[in-house]
Amino acid sequence: MTASPSAQLIQELAAFAGETADAAAKVTMDWFRRPVDIVNKEDGARFDPVTIADQNAEEAIRALIEARYPDHGIIGEEHGVKEARSPFTWVLDPVDGTRAFISGLPTWGTLIGLLYEGEPLIGVIDQPYLKERYLGTPGASFLNGKPIRTRPCANVKEATLSTTDAALFKGKDREAYDRLLAECRLVRYGLDCYAYAILSLGYMDIVAEAGLKIYDMAALIPVIRGAGGHASDWEGGNDWAGGRLLALGNPDLLAPVSGLLAR
């Protein structure tokens, strides 16, 4: 294992992540709420849309990374994997929430995560239409440069819950989600990555999702943790390959929430 990154290096990398978000925003804002061609990435009945905004925004981010940090790895939703020759790998979802994007809803975001030796280190959730940029670093998270904190929800019965779409849960995952839903005071749907931003800002308490990929999660985790929240798989660990992400504004809710989600 190599030495942990210094505070100075983390600051440099976080600033660079902001530069990549700026580059992506120039692309996405050219297409948001304007006519754009939509391609379905899936065969058959399932609809998984992609647009030129997704593709070109990722290209813009990758070009900056390859110019500044050519040894760093890259994992992108639209353009695949570039193997790392260093401990650092950037993980990109240029438009998380493409369905929201093509529907004119400002709940999509550009996700830019940085892994260090496979673990989330820095994350950016950028919503350029709302002019909101969330940055997560070890020990602190920020909205447009100002520190943010989660809220101390005392128990599950007082919690506001979110997930993108309950219909995405299958089998035992749906049963687990329904158990959690039955205990919560309020639920909001359809927010994509923005739910995690709002949780980090202190207006949401629980977000639970399944079927995610690493590019859906890597940027979110540092933002949640840096704001004082908890981010893990449903069991409280770091099995990101399983695709189940649990975010809590109050880490003390882990035991009761993971108990409800236990399959």
# chains A, B, ... in the order shown; residues from 1 in each chain; ligands from 1
$ residues_around --residues "segment 81-84 of chain A" --least-positions-apart "3" --cutoff "6 Å" --atoms "only C-alpha atoms" --output "tab-separated table (two decimals) with C-alpha atoms, in the first residue's frame"
chain	number	residue	atom	x	y	z
A	71	ASP	CA	-1.26	7.78	-15.22
A	72	HIS	CA	-4.67	7.93	-13.55
A	73	GLY	CA	-7.28	5.34	-14.43
A	74	ILE	CA	-10.74	6.26	-15.71
A	75	ILE	CA	-14.05	4.41	-15.46
$ residues_around --residues "Ser4 of chain A" --least-positions-apart "5" --cutoff "12 Å" --atoms "only C-alpha atoms" --output "ChimeraX atom specification"
/A:9-10,87-88,115-117,119,121,138
$ closest_residue --among "A:Pro70, A:Pro120, A:Gly229, A:Pro128" --to "Trp31 of chain A" --atoms "only C-alpha atoms"
A:Pro128
$ atom_distance --atom1 "atom CA of Arg46 of chain A" --atom2 "atom CA of Ile61 of chain A"
28.3 Å
$ closest_residue --among "A:Met204, A:Ala247, A:Val91, A:Ala262" --to "Glu175 of chain A" --atoms "only C-alpha atoms"
A:Ala262
$ atom_distance --atom1 "atom CA of Asn155 of chain A" --atom2 "atom CA of Gly211 of chain A"
26.3 Å
$ residues_around --residues "Val187 of chain A" --least-positions-apart "6" --cutoff "9 Å" --atoms "only C-alpha atoms" --output "PDB file with N, CA and C atoms, in the first residue's frame"
ATOM      1  N   ALA A 159     -38.187   9.728   9.796  1.00  0.00           N
ATOM      2  CA  ALA A 159     -37.291   9.916   8.654  1.00  0.00           C
ATOM      3  C   ALA A 159     -38.030  10.191   7.353  1.00  0.00           C
ATOM      4  N   THR A 160     -37.375  10.992   6.509  1.00  0.00           N
ATOM      5  CA  THR A 160     -37.766  11.143   5.110  1.00  0.00           C
ATOM      6  C   THR A 160     -36.875  10.230   4.279  1.00  0.00           C
ATOM      7  N   LEU A 161     -37.506   9.391   3.491  1.00  0.00           N
ATOM      8  CA  LEU A 161     -36.835   8.364   2.689  1.00  0.00           C
ATOM      9  C   LEU A 161     -36.913   8.740   1.217  1.00  0.00           C
ATOM     10  N   SER A 162     -35.909   8.344   0.459  1.00  0.00           N
ATOM     11  CA  SER A 162     -35.977   8.527  -0.992  1.00  0.00           C
ATOM     12  C   SER A 162     -35.347   7.342  -1.705  1.00  0.00           C
ATOM     13  N   THR A 163     -35.869   7.059  -2.879  1.00  0.00           N
ATOM     14  CA  THR A 163     -35.243   6.163  -3.840  1.00  0.00           C
ATOM     15  C   THR A 163     -35.707   6.631  -5.211  1.00  0.00           C
ATOM     16  N   LEU A 181     -39.875   1.265   3.981  1.00  0.00           N
ATOM     17  CA  LEU A 181     -40.867   2.279   3.631  1.00  0.00           C
ATOM     18  C   LEU A 181     -41.988   2.349   4.662  1.00  0.00           C
TER      19      LEU A 181
END
$ closest_residue --among "A:Gly80, A:Pro152, A:Gly190, A:Gly259" --to "Ala100 of chain A" --atoms "only C-alpha atoms"
A:Gly190
$ residues_around --residues "Ala57 of chain A" --least-positions-apart "2" --cutoff "8 Å" --atoms "only C-alpha atoms" --output "VMD selection string"
chain A and resid 23 to 25 27 to 28 53 to 55 59 to 61 94
